[in-house]
$ cat target_33.pdb   # PDB, C-alpha atoms
ATOM      1  CA  MET A 830     -19.710  74.249-112.777
ATOM      2  CA  MET A 831     -18.362  77.017-114.996
ATOM      3  CA  GLU A 832     -19.061  76.933-118.691
ATOM      4  CA  ASN A 833     -16.154  76.799-121.103
ATOM      5  CA  GLN A 834     -15.731  80.096-122.869
ATOM      6  CA  LEU A 835     -13.724  81.061-125.881
ATOM      7  CA  PRO A 836     -11.334  84.036-125.781
ATOM      8  CA  ASN A 837     -14.011  86.186-127.466
ATOM      9  CA  GLY A 838     -16.478  85.396-124.640
ATOM     10  CA  GLU A 839     -18.538  83.003-126.765
ATOM     11  CA  ARG A 840     -19.684  79.858-124.955
ATOM     12  CA  LEU A 841     -18.134  76.633-126.223
ATOM     13  CA  ILE A 842     -21.048  74.518-127.473
ATOM     14  CA  GLU A 843     -21.156  70.869-126.432
ATOM     15  CA  GLU A 844     -22.016  68.388-129.161
ATOM     16  CA  PRO A 845     -25.707  67.499-128.859
ATOM     17  CA  THR A 846     -26.830  63.901-128.468
ATOM     18  CA  TYR A 847     -29.139  62.485-131.131
ATOM     19  CA  PRO A 848     -32.583  61.769-129.616
ATOM     20  CA  GLU A 849     -33.667  58.209-128.929
ATOM     21  CA  ASP A 850     -36.701  56.937-130.855
ATOM     22  CA  TRP A 851     -38.810  56.907-127.685
ATOM     23  CA  GLU A 852     -38.190  60.660-127.140
ATOM     24  CA  CYS A 853     -40.419  61.608-130.082
ATOM     25  CA  CYS A 854     -44.157  61.605-129.402
ATOM     26  CA  ASP A 855     -45.080  61.490-133.149
ATOM     27  CA  ASN A 856     -47.600  64.321-132.709
ATOM     28  CA  GLY A 857     -46.098  66.614-135.347
ATOM     29  CA  CYS A 858     -44.678  69.151-132.901
ATOM     30  CA  GLU A 859     -42.789  70.933-135.716
ATOM     31  CA  GLU A 860     -40.227  73.341-134.201
ATOM     32  CA  LEU A 861     -40.603  71.766-130.748
ATOM     33  CA  CYS A 862     -39.945  68.225-131.956
ATOM     34  CA  VAL A 863     -36.881  66.659-130.329
ATOM     35  CA  TYR A 864     -35.486  65.947-133.793
ATOM     36  CA  GLU A 865     -35.876  69.588-134.876
ATOM     37  CA  ILE A 866     -34.312  70.813-131.621
ATOM     38  CA  TYR A 867     -31.416  68.419-132.211
ATOM     39  CA  ARG A 868     -31.032  69.639-135.813
ATOM     40  CA  VAL A 869     -30.812  73.294-134.716
ATOM     41  CA  GLN A 870     -28.356  72.494-131.903
ATOM     42  CA  LYS A 871     -26.216  70.306-134.186
ATOM     43  CA  GLN A 872     -26.105  73.019-136.842
ATOM     44  CA  ALA A 873     -24.914  75.589-134.259
ATOM     45  CA  TYR A 874     -22.312  73.115-132.960
ATOM     46  CA  ASP A 875     -21.041  72.304-136.468
ATOM     47  CA  GLU A 876     -20.822  75.991-137.406
ATOM     48  CA  GLN A 877     -18.845  76.781-134.255
ATOM     49  CA  GLN A 878     -16.503  73.844-134.877
ATOM     50  CA  GLN A 879     -15.871  75.110-138.420
ATOM     51  CA  ARG A 880     -15.069  78.595-137.083
ATOM     52  CA  LEU A 881     -12.699  77.134-134.497
ATOM     53  CA  LYS A 882     -10.827  75.174-137.162
ATOM     54  CA  SER A 883     -10.069  78.424-138.962
ATOM     55  CA  VAL A 884      -8.715  80.118-135.806
ATOM     56  CA  PRO A 885      -5.122  79.605-134.632
ATOM     57  CA  LYS A 886      -4.683  77.402-131.569
ATOM     58  CA  LEU A 887      -5.874  79.980-129.036
ATOM     59  CA  LEU A 888      -7.856  77.353-127.167
ATOM     60  CA  SER A 889      -5.032  75.188-125.903
ATOM     61  CA  GLY A 890      -6.267  75.439-122.289
ATOM     62  CA  THR A 891     -10.043  75.270-122.763
ATOM     63  CA  ASP A 892     -10.261  71.532-122.271
ATOM     64  CA  LYS A 893      -8.822  71.803-118.752
ATOM     65  CA  PRO A 894     -11.227  71.996-115.828
ATOM     66  CA  ALA A 895     -11.960  75.495-114.532
ATOM     67  CA  GLN A 896     -10.509  76.307-111.134
TER      68      GLN A 896
END
$ encode --input "target_33.pdb" --output "structure tokens"
Amino acid sequence: MMENQLPNGERLIEEPTYPEDWECCDNGCEELCVYEIYRVQKQAYDEQQQRLKSVPKLLSGTDKPAQ
């Protein structure tokens, strides 16, 4: 499966899924904790979405499956 790419070659980030309670081991993993990984991924996703909102509709075909 090909990844969706923006016209500038940047990969379109998929929205991350919030971890389930059982996914955390409660061992204080710090930067490797599933919640911290989610936070970093969500921040990158949100930043990209904000950038895309400020760009004209250049992405009209990115939601179509790659051939």
$ closest_residue --input "target_33.pdb" --among "A:Ile866, A:Asn833, A:Lys882, A:Gln877" --to "Pro845 in chain A" --atoms "all atoms listed in the file"
A:Ile866
$ atom_distance --input "target_33.pdb" --atom1 "CA of Asn856 in chain A" --atom2 "CA of Lys871 in chain A"
22.3 Å
$ atom_distance --input "target_33.pdb" --atom1 "CA of Asp875 in chain A" --atom2 "CA of Leu841 in chain A"
11.5 Å
$ atom_distance --input "target_33.pdb" --atom1 "CA of Arg868 in chain A" --atom2 "CA of Glu839 in chain A"
20.4 Å
$ resolve_selection --input "target_33.pdb" --expression "the PyMOL selection byres ((chain A and resi 847) around 12)" --output "list of chain:residue names"
A:Glu844, A:Pro845, A:Thr846, A:Pro848, A:Glu849, A:Asp850, A:Trp851, A:Glu852, A:Cys853, A:Val863, A:Tyr864, A:Glu865, A:Ile866, A:Tyr867, A:Arg868, A:Val869, A:Gln870, A:Lys871
$ axis_aligned_box --input "target_33.pdb" --around "range 860-877 of chain A" --padding-each-side "4 Å" --output "JSON"
{"center_x": -29.7, "center_y": 71.4, "center_z": -133.9, "size_x": 29.8, "size_y": 18.8, "size_z": 15.1}
$ resolve_selection --input "target_33.pdb" --expression "the PyMOL selection byres ((chain A and resi 837) around 12)" --output "list in words"
Asn833, Gln834, Leu835, Pro836, Gly838, Glu839, Arg840, Leu841, Leu881, Val884, Leu887 and Leu888 of chain A
$ write_last_selection --input "target_33.pdb" --atoms "C-alpha atoms" --output "mmCIF file, in the coordinates of the input"
data_model
loop_
_atom_site.group_PDB
_atom_site.id
_atom_site.type_symbol
_atom_site.label_atom_id
_atom_site.label_comp_id
_atom_site.auth_asym_id
_atom_site.auth_seq_id
_atom_site.Cartn_x
_atom_site.Cartn_y
_atom_site.Cartn_z
ATOM 1 C CA ASN A 833 -16.154 76.799 -121.103
ATOM 2 C CA GLN A 834 -15.731 80.096 -122.869
ATOM 3 C CA LEU A 835 -13.724 81.061 -125.881
ATOM 4 C CA PRO A 836 -11.334 84.036 -125.781
ATOM 5 C CA GLY A 838 -16.478 85.396 -124.640
ATOM 6 C CA GLU A 839 -18.538 83.003 -126.765
ATOM 7 C CA ARG A 840 -19.684 79.858 -124.955
ATOM 8 C CA LEU A 841 -18.134 76.633 -126.223
ATOM 9 C CA LEU A 881 -12.699 77.134 -134.497
ATOM 10 C CA VAL A 884 -8.715 80.118 -135.806
ATOM 11 C CA LEU A 887 -5.874 79.980 -129.036
ATOM 12 C CA LEU A 888 -7.856 77.353 -127.167
#
$ decode --input "target_33.pdb" --residues "range 834-845 of chain A" --atoms "all heavy atoms" --output "PDB file, in the first residue's frame"
ATOM      1  N   GLN A 834       0.965  11.114   0.015  1.00  0.00           N
ATOM      2  CA  GLN A 834       1.965  12.165   0.105  1.00  0.00           C
ATOM      3  C   GLN A 834       1.376  13.475  -0.356  1.00  0.00           C
ATOM      4  O   GLN A 834       0.532  13.518  -1.239  1.00  0.00           O
ATOM      5  CB  GLN A 834       3.190  11.819  -0.733  1.00  0.00           C
ATOM      6  CG  GLN A 834       4.009  10.705  -0.126  1.00  0.00           C
ATOM      7  CD  GLN A 834       5.415  10.673  -0.678  1.00  0.00           C
ATOM      8  OE1 GLN A 834       5.712  11.294  -1.685  1.00  0.00           O
ATOM      9  NE2 GLN A 834       6.278   9.949  -0.012  1.00  0.00           N
ATOM     10  N   LEU A 835       1.864  14.529   0.254  1.00  0.00           N
ATOM     11  CA  LEU A 835       1.448  15.869  -0.104  1.00  0.00           C
ATOM     12  C   LEU A 835       2.268  16.322  -1.310  1.00  0.00           C
ATOM     13  O   LEU A 835       3.299  15.726  -1.622  1.00  0.00           O
ATOM     14  CB  LEU A 835       1.683  16.806   1.088  1.00  0.00           C
ATOM     15  CG  LEU A 835       0.955  16.389   2.367  1.00  0.00           C
ATOM     16  CD1 LEU A 835       1.358  17.297   3.511  1.00  0.00           C
ATOM     17  CD2 LEU A 835      -0.538  16.432   2.158  1.00  0.00           C
ATOM     18  N   PRO A 836       1.834  17.366  -2.002  1.00  0.00           N
ATOM     19  CA  PRO A 836       2.575  17.843  -3.171  1.00  0.00           C
ATOM     20  C   PRO A 836       4.040  18.179  -2.880  1.00  0.00           C
ATOM     21  O   PRO A 836       4.887  18.056  -3.747  1.00  0.00           O
ATOM     22  CB  PRO A 836       1.808  19.107  -3.584  1.00  0.00           C
ATOM     23  CG  PRO A 836       0.428  18.869  -3.099  1.00  0.00           C
ATOM     24  CD  PRO A 836       0.587  18.095  -1.818  1.00  0.00           C
ATOM     25  N   ASN A 837       4.362  18.547  -1.639  1.00  0.00           N
ATOM     26  CA  ASN A 837       5.743  18.871  -1.291  1.00  0.00           C
ATOM     27  C   ASN A 837       6.554  17.628  -0.918  1.00  0.00           C
ATOM     28  O   ASN A 837       7.698  17.737  -0.499  1.00  0.00           O
ATOM     29  CB  ASN A 837       5.788  19.897  -0.159  1.00  0.00           C
ATOM     30  CG  ASN A 837       5.259  19.360   1.149  1.00  0.00           C
ATOM     31  OD1 ASN A 837       4.807  18.222   1.232  1.00  0.00           O
ATOM     32  ND2 ASN A 837       5.292  20.171   2.182  1.00  0.00           N
ATOM     33  N   GLY A 838       5.963  16.432  -1.040  1.00  0.00           N
ATOM     34  CA  GLY A 838       6.650  15.188  -0.730  1.00  0.00           C
ATOM     35  C   GLY A 838       6.491  14.741   0.711  1.00  0.00           C
ATOM     36  O   GLY A 838       6.881  13.637   1.072  1.00  0.00           O
ATOM     37  N   GLU A 839       5.915  15.594   1.548  1.00  0.00           N
ATOM     38  CA  GLU A 839       5.691  15.250   2.952  1.00  0.00           C
ATOM     39  C   GLU A 839       4.618  14.167   3.044  1.00  0.00           C
ATOM     40  O   GLU A 839       3.648  14.167   2.308  1.00  0.00           O
ATOM     41  CB  GLU A 839       5.237  16.507   3.702  1.00  0.00           C
ATOM     42  CG  GLU A 839       4.979  16.300   5.171  1.00  0.00           C
ATOM     43  CD  GLU A 839       4.511  17.576   5.863  1.00  0.00           C
ATOM     44  OE1 GLU A 839       4.316  18.616   5.194  1.00  0.00           O
ATOM     45  OE2 GLU A 839       4.323  17.519   7.079  1.00  0.00           O
ATOM     46  N   ARG A 840       4.823  13.223   3.954  1.00  0.00           N
ATOM     47  CA  ARG A 840       3.849  12.149   4.165  1.00  0.00           C
ATOM     48  C   ARG A 840       2.648  12.689   4.927  1.00  0.00           C
ATOM     49  O   ARG A 840       2.791  13.414   5.905  1.00  0.00           O
ATOM     50  CB  ARG A 840       4.494  11.019   4.964  1.00  0.00           C
ATOM     51  CG  ARG A 840       3.575   9.821   5.185  1.00  0.00           C
ATOM     52  CD  ARG A 840       4.281   8.718   5.939  1.00  0.00           C
ATOM     53  NE  ARG A 840       4.693   9.118   7.268  1.00  0.00           N
ATOM     54  CZ  ARG A 840       3.939   9.016   8.360  1.00  0.00           C
ATOM     55  NH1 ARG A 840       2.723   8.545   8.275  1.00  0.00           N
ATOM     56  NH2 ARG A 840       4.404   9.390   9.537  1.00  0.00           N
ATOM     57  N   LEU A 841       1.456  12.339   4.478  1.00  0.00           N
ATOM     58  CA  LEU A 841       0.236  12.734   5.174  1.00  0.00           C
ATOM     59  C   LEU A 841       0.109  11.870   6.425  1.00  0.00           C
ATOM     60  O   LEU A 841       0.065  10.640   6.348  1.00  0.00           O
ATOM     61  CB  LEU A 841      -0.979  12.550   4.268  1.00  0.00           C
ATOM     62  CG  LEU A 841      -2.312  13.036   4.810  1.00  0.00           C
ATOM     63  CD1 LEU A 841      -2.267  14.537   5.070  1.00  0.00           C
ATOM     64  CD2 LEU A 841      -3.417  12.714   3.825  1.00  0.00           C
ATOM     65  N   ILE A 842       0.070  12.507   7.583  1.00  0.00           N
ATOM     66  CA  ILE A 842       0.040  11.800   8.864  1.00  0.00           C
ATOM     67  C   ILE A 842      -1.393  11.375   9.184  1.00  0.00           C
ATOM     68  O   ILE A 842      -2.319  12.172   9.098  1.00  0.00           O
ATOM     69  CB  ILE A 842       0.577  12.710   9.996  1.00  0.00           C
ATOM     70  CG1 ILE A 842       2.015  13.121   9.693  1.00  0.00           C
ATOM     71  CG2 ILE A 842       0.478  12.013  11.348  1.00  0.00           C
ATOM     72  CD1 ILE A 842       2.565  14.159  10.655  1.00  0.00           C
ATOM     73  N   GLU A 843      -1.540  10.095   9.549  1.00  0.00           N
ATOM     74  CA  GLU A 843      -2.849   9.604   9.981  1.00  0.00           C
ATOM     75  C   GLU A 843      -3.056   9.983  11.442  1.00  0.00           C
ATOM     76  O   GLU A 843      -2.106   9.989  12.233  1.00  0.00           O
ATOM     77  CB  GLU A 843      -2.923   8.084   9.851  1.00  0.00           C
ATOM     78  CG  GLU A 843      -2.927   7.606   8.422  1.00  0.00           C
ATOM     79  CD  GLU A 843      -3.124   6.104   8.340  1.00  0.00           C
ATOM     80  OE1 GLU A 843      -3.820   5.533   9.214  1.00  0.00           O
ATOM     81  OE2 GLU A 843      -2.588   5.522   7.407  1.00  0.00           O
ATOM     82  N   GLU A 844      -4.294  10.289  11.788  1.00  0.00           N
ATOM     83  CA  GLU A 844      -4.590  10.648  13.177  1.00  0.00           C
ATOM     84  C   GLU A 844      -4.329   9.448  14.079  1.00  0.00           C
ATOM     85  O   GLU A 844      -4.845   8.354  13.844  1.00  0.00           O
ATOM     86  CB  GLU A 844      -6.035  11.110  13.329  1.00  0.00           C
ATOM     87  CG  GLU A 844      -6.348  11.602  14.709  1.00  0.00           C
ATOM     88  CD  GLU A 844      -7.718  12.237  14.830  1.00  0.00           C
ATOM     89  OE1 GLU A 844      -8.512  12.150  13.887  1.00  0.00           O
ATOM     90  OE2 GLU A 844      -7.989  12.828  15.888  1.00  0.00           O
ATOM     91  N   PRO A 845      -3.524   9.638  15.132  1.00  0.00           N
ATOM     92  CA  PRO A 845      -3.240   8.521  16.033  1.00  0.00           C
ATOM     93  C   PRO A 845      -4.453   8.171  16.892  1.00  0.00           C
ATOM     94  O   PRO A 845      -5.319   9.005  17.135  1.00  0.00           O
ATOM     95  CB  PRO A 845      -2.089   9.037  16.898  1.00  0.00           C
ATOM     96  CG  PRO A 845      -2.200  10.511  16.849  1.00  0.00           C
ATOM     97  CD  PRO A 845      -2.806  10.855  15.518  1.00  0.00           C
TER      98      PRO A 845
END
